[in-house]
$ cat model.pdb   # PDB, C-alpha atoms and all ligand atoms
ATOM      1  CA  MET A   1       0.000   0.000   0.000  1.00  0.00           C
ATOM      2  CA  ASN A   2       1.054   3.598  -0.555  1.00  0.00           C
ATOM      3  CA  ILE A   3      -0.256   6.045   2.008  1.00  0.00           C
ATOM      4  CA  ILE A   4       0.080   9.661   3.083  1.00  0.00           C
ATOM      5  CA  LEU A   5       0.153  10.757   6.730  1.00  0.00           C
ATOM      6  CA  LEU A   6      -1.321  14.238   6.776  1.00  0.00           C
ATOM      7  CA  GLY A   7      -1.434  16.551   9.780  1.00  0.00           C
ATOM      8  CA  PRO A   8       0.126  19.632  11.366  1.00  0.00           C
ATOM      9  CA  PRO A   9       3.592  19.581  12.949  1.00  0.00           C
ATOM     10  CA  GLY A  10       3.476  17.546  16.158  1.00  0.00           C
ATOM     11  CA  ALA A  11       0.439  15.484  15.118  1.00  0.00           C
ATOM     12  CA  GLY A  12       2.493  12.290  15.491  1.00  0.00           C
ATOM     13  CA  LYS A  13       3.113  11.497  11.799  1.00  0.00           C
ATOM     14  CA  GLY A  14       6.742  10.464  12.338  1.00  0.00           C
ATOM     15  CA  THR A  15       5.930   8.270  15.346  1.00  0.00           C
ATOM     16  CA  GLN A  16       3.161   6.427  13.508  1.00  0.00           C
ATOM     17  CA  ALA A  17       5.249   6.133  10.345  1.00  0.00           C
ATOM     18  CA  ARG A  18       7.991   4.391  12.342  1.00  0.00           C
ATOM     19  CA  LYS A  19       5.460   1.902  13.723  1.00  0.00           C
ATOM     20  CA  LEU A  20       4.213   1.128  10.210  1.00  0.00           C
ATOM     21  CA  VAL A  21       7.789   0.595   9.039  1.00  0.00           C
ATOM     22  CA  ASP A  22       8.399  -1.884  11.876  1.00  0.00           C
ATOM     23  CA  GLU A  23       5.094  -3.698  11.592  1.00  0.00           C
ATOM     24  CA  ARG A  24       4.417  -3.714   7.844  1.00  0.00           C
ATOM     25  CA  ASN A  25       7.831  -3.441   6.276  1.00  0.00           C
ATOM     26  CA  MET A  26       6.770  -0.171   4.638  1.00  0.00           C
ATOM     27  CA  VAL A  27       9.267   2.513   3.527  1.00  0.00           C
ATOM     28  CA  GLN A  28       9.000   5.913   5.235  1.00  0.00           C
ATOM     29  CA  LEU A  29       9.656   8.877   2.962  1.00  0.00           C
ATOM     30  CA  SER A  30       9.928  11.955   5.174  1.00  0.00           C
ATOM     31  CA  THR A  31      10.896  15.113   3.275  1.00  0.00           C
ATOM     32  CA  GLY A  32      11.705  16.787   6.631  1.00  0.00           C
ATOM     33  CA  ASP A  33      14.247  14.022   7.416  1.00  0.00           C
ATOM     34  CA  MET A  34      15.711  14.251   3.893  1.00  0.00           C
ATOM     35  CA  LEU A  35      16.118  18.027   4.177  1.00  0.00           C
ATOM     36  CA  ARG A  36      17.700  17.736   7.650  1.00  0.00           C
ATOM     37  CA  ALA A  37      20.111  15.108   6.281  1.00  0.00           C
ATOM     38  CA  ALA A  38      21.047  17.468   3.419  1.00  0.00           C
ATOM     39  CA  ARG A  39      21.774  20.210   5.973  1.00  0.00           C
ATOM     40  CA  THR A  40      23.879  17.962   8.159  1.00  0.00           C
ATOM     41  CA  SER A  41      25.949  16.722   5.247  1.00  0.00           C
ATOM     42  CA  GLY A  42      26.411  20.324   4.082  1.00  0.00           C
ATOM     43  CA  THR A  43      25.230  19.951   0.461  1.00  0.00           C
ATOM     44  CA  GLU A  44      24.512  23.137  -1.549  1.00  0.00           C
ATOM     45  CA  MET A  45      20.800  22.374  -1.339  1.00  0.00           C
ATOM     46  CA  GLY A  46      21.115  21.799   2.418  1.00  0.00           C
ATOM     47  CA  LYS A  47      22.716  25.229   2.860  1.00  0.00           C
ATOM     48  CA  MET A  48      20.023  26.837   0.710  1.00  0.00           C
ATOM     49  CA  VAL A  49      17.116  25.471   2.765  1.00  0.00           C
ATOM     50  CA  ALA A  50      18.584  25.903   6.274  1.00  0.00           C
ATOM     51  CA  ALA A  51      17.239  29.400   7.012  1.00  0.00           C
ATOM     52  CA  VAL A  52      13.827  28.620   5.494  1.00  0.00           C
ATOM     53  CA  MET A  53      13.485  25.536   7.709  1.00  0.00           C
ATOM     54  CA  ASP A  54      14.622  27.332  10.874  1.00  0.00           C
ATOM     55  CA  ARG A  55      12.001  30.019  10.245  1.00  0.00           C
ATOM     56  CA  GLY A  56       9.342  27.342   9.772  1.00  0.00           C
ATOM     57  CA  ASP A  57       8.476  28.280   6.179  1.00  0.00           C
ATOM     58  CA  LEU A  58       8.048  25.746   3.392  1.00  0.00           C
ATOM     59  CA  VAL A  59      10.933  24.849   1.092  1.00  0.00           C
ATOM     60  CA  THR A  60      10.122  25.238  -2.616  1.00  0.00           C
ATOM     61  CA  ASP A  61       7.983  22.620  -4.344  1.00  0.00           C
ATOM     62  CA  ASP A  62      10.733  21.878  -6.903  1.00  0.00           C
ATOM     63  CA  ILE A  63      13.208  20.843  -4.213  1.00  0.00           C
ATOM     64  CA  VAL A  64      10.911  18.497  -2.292  1.00  0.00           C
ATOM     65  CA  ILE A  65       9.327  16.993  -5.410  1.00  0.00           C
ATOM     66  CA  GLY A  66      12.877  16.321  -6.692  1.00  0.00           C
ATOM     67  CA  LEU A  67      13.768  14.561  -3.416  1.00  0.00           C
ATOM     68  CA  ILE A  68      10.679  12.358  -3.573  1.00  0.00           C
ATOM     69  CA  ARG A  69      11.226  11.583  -7.270  1.00  0.00           C
ATOM     70  CA  GLU A  70      14.800  10.421  -6.515  1.00  0.00           C
ATOM     71  CA  GLN A  71      13.575   8.118  -3.753  1.00  0.00           C
ATOM     72  CA  LEU A  72      10.779   6.637  -5.855  1.00  0.00           C
ATOM     73  CA  GLU A  73      13.147   6.072  -8.767  1.00  0.00           C
ATOM     74  CA  SER A  74      15.467   4.135  -6.478  1.00  0.00           C
ATOM     75  CA  ASP A  75      12.467   1.847  -5.884  1.00  0.00           C
ATOM     76  CA  GLN A  76      12.732   0.563  -2.318  1.00  0.00           C
ATOM     77  CA  GLY A  77       8.964  -0.194  -2.312  1.00  0.00           C
ATOM     78  CA  GLY A  78       8.813  -3.226   0.027  1.00  0.00           C
ATOM     79  CA  GLY A  79       5.436  -3.131   1.751  1.00  0.00           C
ATOM     80  CA  GLY A  80       4.715   0.237   0.120  1.00  0.00           C
ATOM     81  CA  TYR A  81       5.528   3.875   0.825  1.00  0.00           C
ATOM     82  CA  ILE A  82       4.477   6.090   3.712  1.00  0.00           C
ATOM     83  CA  PHE A  83       4.664   9.725   2.658  1.00  0.00           C
ATOM     84  CA  ASP A  84       5.339  11.653   5.871  1.00  0.00           C
ATOM     85  CA  GLY A  85       5.290  15.456   5.642  1.00  0.00           C
ATOM     86  CA  PHE A  86       4.791  15.293   1.870  1.00  0.00           C
ATOM     87  CA  PRO A  87       2.788  16.544   0.037  1.00  0.00           C
ATOM     88  CA  ARG A  88       2.349  19.893   1.781  1.00  0.00           C
ATOM     89  CA  THR A  89       0.932  21.936  -1.131  1.00  0.00           C
ATOM     90  CA  LEU A  90      -1.570  21.270  -3.899  1.00  0.00           C
ATOM     91  CA  ALA A  91       1.259  21.410  -6.464  1.00  0.00           C
ATOM     92  CA  GLN A  92       3.114  18.683  -4.514  1.00  0.00           C
ATOM     93  CA  ALA A  93      -0.064  16.583  -4.324  1.00  0.00           C
ATOM     94  CA  ASP A  94      -0.534  16.808  -8.098  1.00  0.00           C
ATOM     95  CA  ALA A  95       3.131  15.970  -8.676  1.00  0.00           C
ATOM     96  CA  LEU A  96       2.914  12.933  -6.386  1.00  0.00           C
ATOM     97  CA  GLY A  97      -0.171  11.725  -8.251  1.00  0.00           C
ATOM     98  CA  ARG A  98       1.734  11.949 -11.553  1.00  0.00           C
ATOM     99  CA  LEU A  99       4.845  10.228 -10.161  1.00  0.00           C
ATOM    100  CA  LEU A 100       2.791   7.305  -8.863  1.00  0.00           C
ATOM    101  CA  VAL A 101       0.919   6.942 -12.175  1.00  0.00           C
ATOM    102  CA  ASP A 102       4.265   6.939 -14.033  1.00  0.00           C
ATOM    103  CA  MET A 103       5.418   4.076 -11.789  1.00  0.00           C
ATOM    104  CA  GLY A 104       2.181   2.146 -12.300  1.00  0.00           C
ATOM    105  CA  GLU A 105       1.349   2.643  -8.607  1.00  0.00           C
ATOM    106  CA  ASN A 106      -1.690   3.907  -6.703  1.00  0.00           C
ATOM    107  CA  LEU A 107      -2.246   6.051  -3.682  1.00  0.00           C
ATOM    108  CA  ASP A 108      -4.334   3.806  -1.423  1.00  0.00           C
ATOM    109  CA  CYS A 109      -5.182   6.032   1.479  1.00  0.00           C
ATOM    110  CA  VAL A 110      -4.590   9.443   3.066  1.00  0.00           C
ATOM    111  CA  ILE A 111      -4.720   9.427   6.855  1.00  0.00           C
ATOM    112  CA  GLU A 112      -5.536  12.799   8.359  1.00  0.00           C
ATOM    113  CA  MET A 113      -4.278  13.000  11.964  1.00  0.00           C
ATOM    114  CA  GLN A 114      -6.552  15.441  13.777  1.00  0.00           C
ATOM    115  CA  VAL A 115      -5.185  17.320  16.806  1.00  0.00           C
ATOM    116  CA  ASP A 116      -5.956  20.614  18.496  1.00  0.00           C
ATOM    117  CA  ASP A 117      -3.499  23.490  18.314  1.00  0.00           C
ATOM    118  CA  ASP A 118      -2.862  23.886  22.071  1.00  0.00           C
ATOM    119  CA  ALA A 119      -1.810  20.246  22.257  1.00  0.00           C
ATOM    120  CA  LEU A 120       0.602  20.793  19.359  1.00  0.00           C
ATOM    121  CA  VAL A 121       2.401  23.653  21.089  1.00  0.00           C
ATOM    122  CA  ASP A 122       2.765  21.529  24.244  1.00  0.00           C
ATOM    123  CA  ARG A 123       3.983  18.504  22.308  1.00  0.00           C
ATOM    124  CA  ILE A 124       6.479  20.306  20.133  1.00  0.00           C
ATOM    125  CA  THR A 125       8.127  22.496  22.736  1.00  0.00           C
ATOM    126  CA  ALA A 126       8.655  19.387  24.935  1.00  0.00           C
ATOM    127  CA  ARG A 127       9.859  17.112  22.111  1.00  0.00           C
ATOM    128  CA  SER A 128      13.254  15.484  21.646  1.00  0.00           C
ATOM    129  CA  THR A 129      14.306  12.540  19.512  1.00  0.00           C
ATOM    130  CA  CYS A 130      17.023   9.917  19.511  1.00  0.00           C
ATOM    131  CA  GLY A 131      19.472  11.043  16.816  1.00  0.00           C
ATOM    132  CA  ASP A 132      20.388   7.411  16.088  1.00  0.00           C
ATOM    133  CA  CYS A 133      17.007   5.674  15.681  1.00  0.00           C
ATOM    134  CA  GLY A 134      14.422   8.499  15.643  1.00  0.00           C
ATOM    135  CA  GLU A 135      12.551   7.403  18.794  1.00  0.00           C
ATOM    136  CA  VAL A 136      10.482  10.373  19.994  1.00  0.00           C
ATOM    137  CA  TYR A 137      10.506  11.568  23.649  1.00  0.00           C
ATOM    138  CA  ASN A 138       8.426  14.186  25.470  1.00  0.00           C
ATOM    139  CA  ASP A 139       9.528  15.976  28.661  1.00  0.00           C
ATOM    140  CA  ASN A 140       6.065  15.481  30.194  1.00  0.00           C
ATOM    141  CA  THR A 141       4.672  12.216  28.861  1.00  0.00           C
ATOM    142  CA  LYS A 142       7.756  10.191  27.892  1.00  0.00           C
ATOM    143  CA  PRO A 143      10.885  11.709  29.400  1.00  0.00           C
ATOM    144  CA  ILE A 144      14.410  10.696  28.422  1.00  0.00           C
ATOM    145  CA  PRO A 145      15.342   7.766  30.751  1.00  0.00           C
ATOM    146  CA  ALA A 146      17.397   8.540  33.862  1.00  0.00           C
ATOM    147  CA  ASP A 147      20.349   6.509  32.489  1.00  0.00           C
ATOM    148  CA  GLU A 148      20.182   8.716  29.319  1.00  0.00           C
ATOM    149  CA  LYS A 149      20.041   5.678  27.025  1.00  0.00           C
ATOM    150  CA  CYS A 150      17.398   5.433  24.291  1.00  0.00           C
ATOM    151  CA  THR A 151      14.782   2.795  25.215  1.00  0.00           C
ATOM    152  CA  ASN A 152      14.712   1.628  21.595  1.00  0.00           C
ATOM    153  CA  CYS A 153      18.388   1.454  20.568  1.00  0.00           C
ATOM    154  CA  GLY A 154      20.460   2.241  23.681  1.00  0.00           C
ATOM    155  CA  ALA A 155      22.218   5.274  22.136  1.00  0.00           C
ATOM    156  CA  SER A 156      22.785   8.469  24.147  1.00  0.00           C
ATOM    157  CA  ASN A 157      22.289  10.895  21.315  1.00  0.00           C
ATOM    158  CA  PHE A 158      19.177  12.924  22.184  1.00  0.00           C
ATOM    159  CA  GLN A 159      18.449  15.937  20.035  1.00  0.00           C
ATOM    160  CA  ARG A 160      16.010  18.824  19.952  1.00  0.00           C
ATOM    161  CA  ARG A 161      15.122  20.186  16.533  1.00  0.00           C
ATOM    162  CA  ALA A 162      16.202  23.770  15.865  1.00  0.00           C
ATOM    163  CA  ASP A 163      12.685  24.582  14.619  1.00  0.00           C
ATOM    164  CA  ASP A 164      10.901  23.102  17.683  1.00  0.00           C
ATOM    165  CA  ASN A 165      10.450  26.465  19.393  1.00  0.00           C
ATOM    166  CA  GLU A 166       7.345  28.621  19.791  1.00  0.00           C
ATOM    167  CA  ASP A 167       8.222  31.261  17.143  1.00  0.00           C
ATOM    168  CA  SER A 168       9.030  28.789  14.435  1.00  0.00           C
ATOM    169  CA  LEU A 169       6.065  26.615  15.402  1.00  0.00           C
ATOM    170  CA  ARG A 170       3.691  29.542  14.807  1.00  0.00           C
ATOM    171  CA  THR A 171       5.089  29.959  11.283  1.00  0.00           C
ATOM    172  CA  ARG A 172       4.861  26.187  10.689  1.00  0.00           C
ATOM    173  CA  LEU A 173       1.250  26.144  11.865  1.00  0.00           C
ATOM    174  CA  MET A 174       0.417  29.099   9.610  1.00  0.00           C
ATOM    175  CA  ALA A 175       2.055  27.301   6.677  1.00  0.00           C
ATOM    176  CA  TYR A 176      -0.013  24.223   7.524  1.00  0.00           C
ATOM    177  CA  TYR A 177      -3.325  26.077   7.586  1.00  0.00           C
ATOM    178  CA  LYS A 178      -2.605  28.225   4.517  1.00  0.00           C
ATOM    179  CA  GLN A 179      -0.852  25.748   2.246  1.00  0.00           C
ATOM    180  CA  THR A 180      -1.349  22.193   3.497  1.00  0.00           C
ATOM    181  CA  SER A 181      -4.838  21.996   5.024  1.00  0.00           C
ATOM    182  CA  PRO A 182      -6.509  22.440   1.569  1.00  0.00           C
ATOM    183  CA  LEU A 183      -5.208  18.914   0.895  1.00  0.00           C
ATOM    184  CA  VAL A 184      -7.830  17.585   3.335  1.00  0.00           C
ATOM    185  CA  GLY A 185     -10.576  18.687   0.944  1.00  0.00           C
ATOM    186  CA  TYR A 186      -8.557  17.654  -2.103  1.00  0.00           C
ATOM    187  CA  TYR A 187      -8.175  14.047  -0.906  1.00  0.00           C
ATOM    188  CA  TYR A 188     -11.700  13.929   0.522  1.00  0.00           C
ATOM    189  CA  ALA A 189     -13.043  14.790  -2.925  1.00  0.00           C
ATOM    190  CA  LYS A 190     -10.905  12.031  -4.438  1.00  0.00           C
ATOM    191  CA  GLY A 191     -12.386   9.558  -1.930  1.00  0.00           C
ATOM    192  CA  ASP A 192      -8.978   8.795  -0.363  1.00  0.00           C
ATOM    193  CA  LEU A 193      -9.321  10.534   3.011  1.00  0.00           C
ATOM    194  CA  ARG A 194      -9.618   8.772   6.396  1.00  0.00           C
ATOM    195  CA  SER A 195      -9.452  10.803   9.609  1.00  0.00           C
ATOM    196  CA  VAL A 196      -8.152   9.592  12.971  1.00  0.00           C
ATOM    197  CA  ASP A 197      -7.982  11.229  16.405  1.00  0.00           C
ATOM    198  CA  GLY A 198      -4.298  12.101  16.745  1.00  0.00           C
ATOM    199  CA  LEU A 199      -4.712  13.019  20.423  1.00  0.00           C
ATOM    200  CA  ALA A 200      -5.471   9.456  21.516  1.00  0.00           C
ATOM    201  CA  SER A 201      -2.668   7.326  22.973  1.00  0.00           C
ATOM    202  CA  MET A 202       0.045   6.207  20.552  1.00  0.00           C
ATOM    203  CA  ASP A 203      -1.331   2.637  20.515  1.00  0.00           C
ATOM    204  CA  ASP A 204      -4.928   3.782  19.990  1.00  0.00           C
ATOM    205  CA  VAL A 205      -3.864   5.997  17.084  1.00  0.00           C
ATOM    206  CA  ALA A 206      -2.014   3.011  15.595  1.00  0.00           C
ATOM    207  CA  THR A 207      -5.164   0.878  15.953  1.00  0.00           C
ATOM    208  CA  SER A 208      -7.277   3.552  14.204  1.00  0.00           C
ATOM    209  CA  ILE A 209      -4.730   3.770  11.395  1.00  0.00           C
ATOM    210  CA  ALA A 210      -4.695  -0.027  11.002  1.00  0.00           C
ATOM    211  CA  SER A 211      -8.470  -0.055  10.705  1.00  0.00           C
ATOM    212  CA  ALA A 212      -8.399   2.811   8.152  1.00  0.00           C
ATOM    213  CA  LEU A 213      -5.856   0.836   6.114  1.00  0.00           C
ATOM    214  CA  ARG A 214      -8.005  -2.307   6.253  1.00  0.00           C
ATOM    215  CA  GLN A 215     -10.919  -0.330   4.825  1.00  0.00           C
ATOM    216  CA  SER A 216      -8.730   0.822   1.927  1.00  0.00           C
ATOM    217  CA  GLU A 217      -7.328  -2.604   1.071  1.00  0.00           C
TER     218      GLU A 217
HETATM  219  P1  LIG A 301       8.981  18.198   9.149  1.00  0.00           P
HETATM  220  O1  LIG A 301      10.094  17.388   9.695  1.00  0.00           O
HETATM  221  O2  LIG A 301       8.071  17.442   8.257  1.00  0.00           O
HETATM  222  O3  LIG A 301       8.239  18.953  10.236  1.00  0.00           O
HETATM  223  O4  LIG A 301       9.653  19.325   8.228  1.00  0.00           O
HETATM  224  C1  LIG A 301      10.578  20.272   8.741  1.00  0.00           C
HETATM  225  C2  LIG A 301      10.703  21.446   7.776  1.00  0.00           C
HETATM  226  O5  LIG A 301      11.205  20.974   6.507  1.00  0.00           O
HETATM  227  C3  LIG A 301       9.400  22.157   7.437  1.00  0.00           C
HETATM  228  O6  LIG A 301       9.047  23.135   8.407  1.00  0.00           O
HETATM  229  C4  LIG A 301       9.753  22.776   6.082  1.00  0.00           C
HETATM  230  O7  LIG A 301      10.605  23.895   6.236  1.00  0.00           O
HETATM  231  C5  LIG A 301      10.579  21.669   5.433  1.00  0.00           C
HETATM  232  N1  LIG A 301       9.722  20.708   4.692  1.00  0.00           N
HETATM  233  C6  LIG A 301       9.547  19.376   4.972  1.00  0.00           C
HETATM  234  N2  LIG A 301       8.736  18.796   4.082  1.00  0.00           N
HETATM  235  C7  LIG A 301       8.359  19.761   3.218  1.00  0.00           C
HETATM  236  C8  LIG A 301       7.503  19.789   2.087  1.00  0.00           C
HETATM  237  N3  LIG A 301       6.838  18.689   1.664  1.00  0.00           N
HETATM  238  N4  LIG A 301       7.354  20.970   1.428  1.00  0.00           N
HETATM  239  C9  LIG A 301       8.025  22.077   1.818  1.00  0.00           C
HETATM  240  N5  LIG A 301       8.832  22.134   2.891  1.00  0.00           N
HETATM  241  C10 LIG A 301       9.018  20.986   3.596  1.00  0.00           C
END

$ encode --input "model.pdb" --output "structure tokens" --more "lines below"
Ligand code: AMP
Amino acid sequence: MNIILLGPPGAGKGTQARKLVDERNMVQLSTGDMLRAARTSGTEMGKMVAAVMDRGDLVTDDIVIGLIREQLESDQGGGGYIFDGFPRTLAQADALGRLLVDMGENLDCVIEMQVDDDALVDRITARSTCGDCGEVYNDNTKPIPADEKCTNCGASNFQRRADDNEDSLRTRLMAYYKQTSPLVGYYYAKGDLRSVDGLASMDDVATSIASALRQSE
């Protein structure tokens, strides 16, 4: 199956994508992770997008569509693709549709993760991740263990994202409502949209996603 996880920053897309990778052998394509990797390795593109990302604005469509095209052309399909944080604009959604058609593939389902904005601010400003395996921690609900070793992989490489602060989050939320939320209507009209309560516990969200996927099979 090929699916999109759609939702504002902090909705839990990355966490649920990682579960799907573990449980269904799917391939997670996160444009945010790809852009952060480009920054860390210091490529020209990485340098170009750094300030835009720190501000919380969207990187240009051409760049992210190019990143996704490269990944799809390298064909790691497995149990299918999870698009996480892509598409974020109508132009990206159209481009993804064309790329999948060119590959003879379908989009099976778009999962909208619904959350309220106050919860997002709380989640994001308290968030850190394991730099080695991507496990997500939260100062209030899932603090970093006292022995400072990741519960998933044992590494001691906890990181906070540069854009996980209140100023940048406001810009990211604005970008979501102005540019990305129209995709809810776009995919609803195509008959692909399923909505889940993103504020439920991690396991309950996973159960809702599994049932949405069953309905789309
Ligand atoms: P994320 O990890 O998905 O929250 O993305 C972090 C940042 O990367 C965003 O705030 C944007 O600056 C940029 N970004 C990630 N994905 C996209 C996309 N599909 N379109 C434009 N910008 C993106």

$ axis_aligned_box --input "model.pdb" --around "ligand LIG 301 (chain A)" --padding-each-side "8 Å" --output "lines of an AutoDock Vina configuration file"
center_x = 9.0
center_y = 20.6
center_z = 5.8
size_x = 20.4
size_y = 22.5
size_z = 24.8

$ closest_atom_pairs --input "model.pdb" --of "range 40-67 of chain A" --to "range 77-88 of chain A" --cutoff "10 Å" --atoms "all atoms listed in the file" --output "JSON lines"
{"residue": "A:Leu58", "atom": "CA", "partner": "A:Arg88", "partner_atom": "CA", "distance": 8.3}
{"residue": "A:Val59", "atom": "CA", "partner": "A:Arg88", "partner_atom": "CA", "distance": 9.9}
{"residue": "A:Asp61", "atom": "CA", "partner": "A:Arg88", "partner_atom": "CA", "distance": 8.8}
{"residue": "A:Val64", "atom": "CA", "partner": "A:Phe86", "partner_atom": "CA", "distance": 8.1}
{"residue": "A:Ile65", "atom": "CA", "partner": "A:Pro87", "partner_atom": "CA", "distance": 8.5}

$ write_last_selection --input "model.pdb" --atoms "C-alpha atoms" --output "PDB file, in the coordinates of the input"
ATOM      1  CA  LEU A  58       8.048  25.746   3.392  1.00  0.00           C
ATOM      2  CA  VAL A  59      10.933  24.849   1.092  1.00  0.00           C
ATOM      3  CA  ASP A  61       7.983  22.620  -4.344  1.00  0.00           C
ATOM      4  CA  VAL A  64      10.911  18.497  -2.292  1.00  0.00           C
ATOM      5  CA  ILE A  65       9.327  16.993  -5.410  1.00  0.00           C
TER       6      ILE A  65
END

$ closest_atom_pairs --input "model.pdb" --of "chain A" --to "ligand LIG 301 (chain A)" --cutoff "9 Å" --atoms "only C-alpha atoms and all ligand atoms" --output "Markdown table"
| residue | atom | partner | partner_atom | distance |
| --- | --- | --- | --- | --- |
| A:Pro8 | CA | A:LIG301 | O3 | 8.2 |
| A:Pro9 | CA | A:LIG301 | O3 | 5.4 |
| A:Gly10 | CA | A:LIG301 | O3 | 7.7 |
| A:Lys13 | CA | A:LIG301 | O2 | 8.5 |
| A:Gly14 | CA | A:LIG301 | O1 | 8.1 |
| A:Ser30 | CA | A:LIG301 | O2 | 6.6 |
| A:Thr31 | CA | A:LIG301 | N2 | 4.3 |
| A:Gly32 | CA | A:LIG301 | O1 | 3.5 |
| A:Asp33 | CA | A:LIG301 | O1 | 5.8 |
| A:Met34 | CA | A:LIG301 | C6 | 8.1 |
| A:Leu35 | CA | A:LIG301 | O5 | 6.2 |
| A:Arg36 | CA | A:LIG301 | O5 | 7.3 |
| A:Val49 | CA | A:LIG301 | O7 | 7.5 |
| A:Ala50 | CA | A:LIG301 | O7 | 8.2 |
| A:Ala51 | CA | A:LIG301 | O7 | 8.7 |
| A:Val52 | CA | A:LIG301 | O7 | 5.8 |
| A:Met53 | CA | A:LIG301 | O7 | 3.6 |
| A:Asp54 | CA | A:LIG301 | O7 | 7.0 |
| A:Arg55 | CA | A:LIG301 | O7 | 7.5 |
| A:Gly56 | CA | A:LIG301 | O6 | 4.4 |
| A:Asp57 | CA | A:LIG301 | O7 | 4.9 |
| A:Leu58 | CA | A:LIG301 | N5 | 3.7 |
| A:Val59 | CA | A:LIG301 | N5 | 3.9 |
| A:Thr60 | CA | A:LIG301 | C9 | 5.8 |
| A:Asp61 | CA | A:LIG301 | N4 | 6.0 |
| A:Ile63 | CA | A:LIG301 | C9 | 8.0 |
| A:Val64 | CA | A:LIG301 | N3 | 5.7 |
| A:Ile65 | CA | A:LIG301 | N3 | 7.7 |
| A:Asp84 | CA | A:LIG301 | O2 | 6.8 |
| A:Gly85 | CA | A:LIG301 | O2 | 4.3 |
| A:Phe86 | CA | A:LIG301 | N3 | 4.0 |
| A:Pro87 | CA | A:LIG301 | N3 | 4.9 |
| A:Arg88 | CA | A:LIG301 | N3 | 4.6 |
| A:Thr89 | CA | A:LIG301 | N4 | 7.0 |
| A:Gln92 | CA | A:LIG301 | N3 | 7.2 |
| A:Arg161 | CA | A:LIG301 | O1 | 8.9 |
| A:Asp163 | CA | A:LIG301 | O6 | 7.3 |
| A:Asp164 | CA | A:LIG301 | O3 | 8.9 |
| A:Ser168 | CA | A:LIG301 | O6 | 8.3 |
| A:Leu169 | CA | A:LIG301 | O6 | 8.4 |
| A:Thr171 | CA | A:LIG301 | O6 | 8.4 |
| A:Arg172 | CA | A:LIG301 | O6 | 5.7 |
| A:Ala175 | CA | A:LIG301 | O6 | 8.3 |

$ closest_residue --input "model.pdb" --among "A:Lys149, A:Lys190, A:Arg160, A:Arg69" --to "Val110 in chain A" --atoms "all atoms listed in the file"
A:Lys190

$ resolve_selection --input "model.pdb" --expression "the PyMOL selection byres (((chain A and resi 151) around 12) and not hetatm)" --output "PyMOL selection string"
chain A and resi 129-130+132-137+142-150+152-158
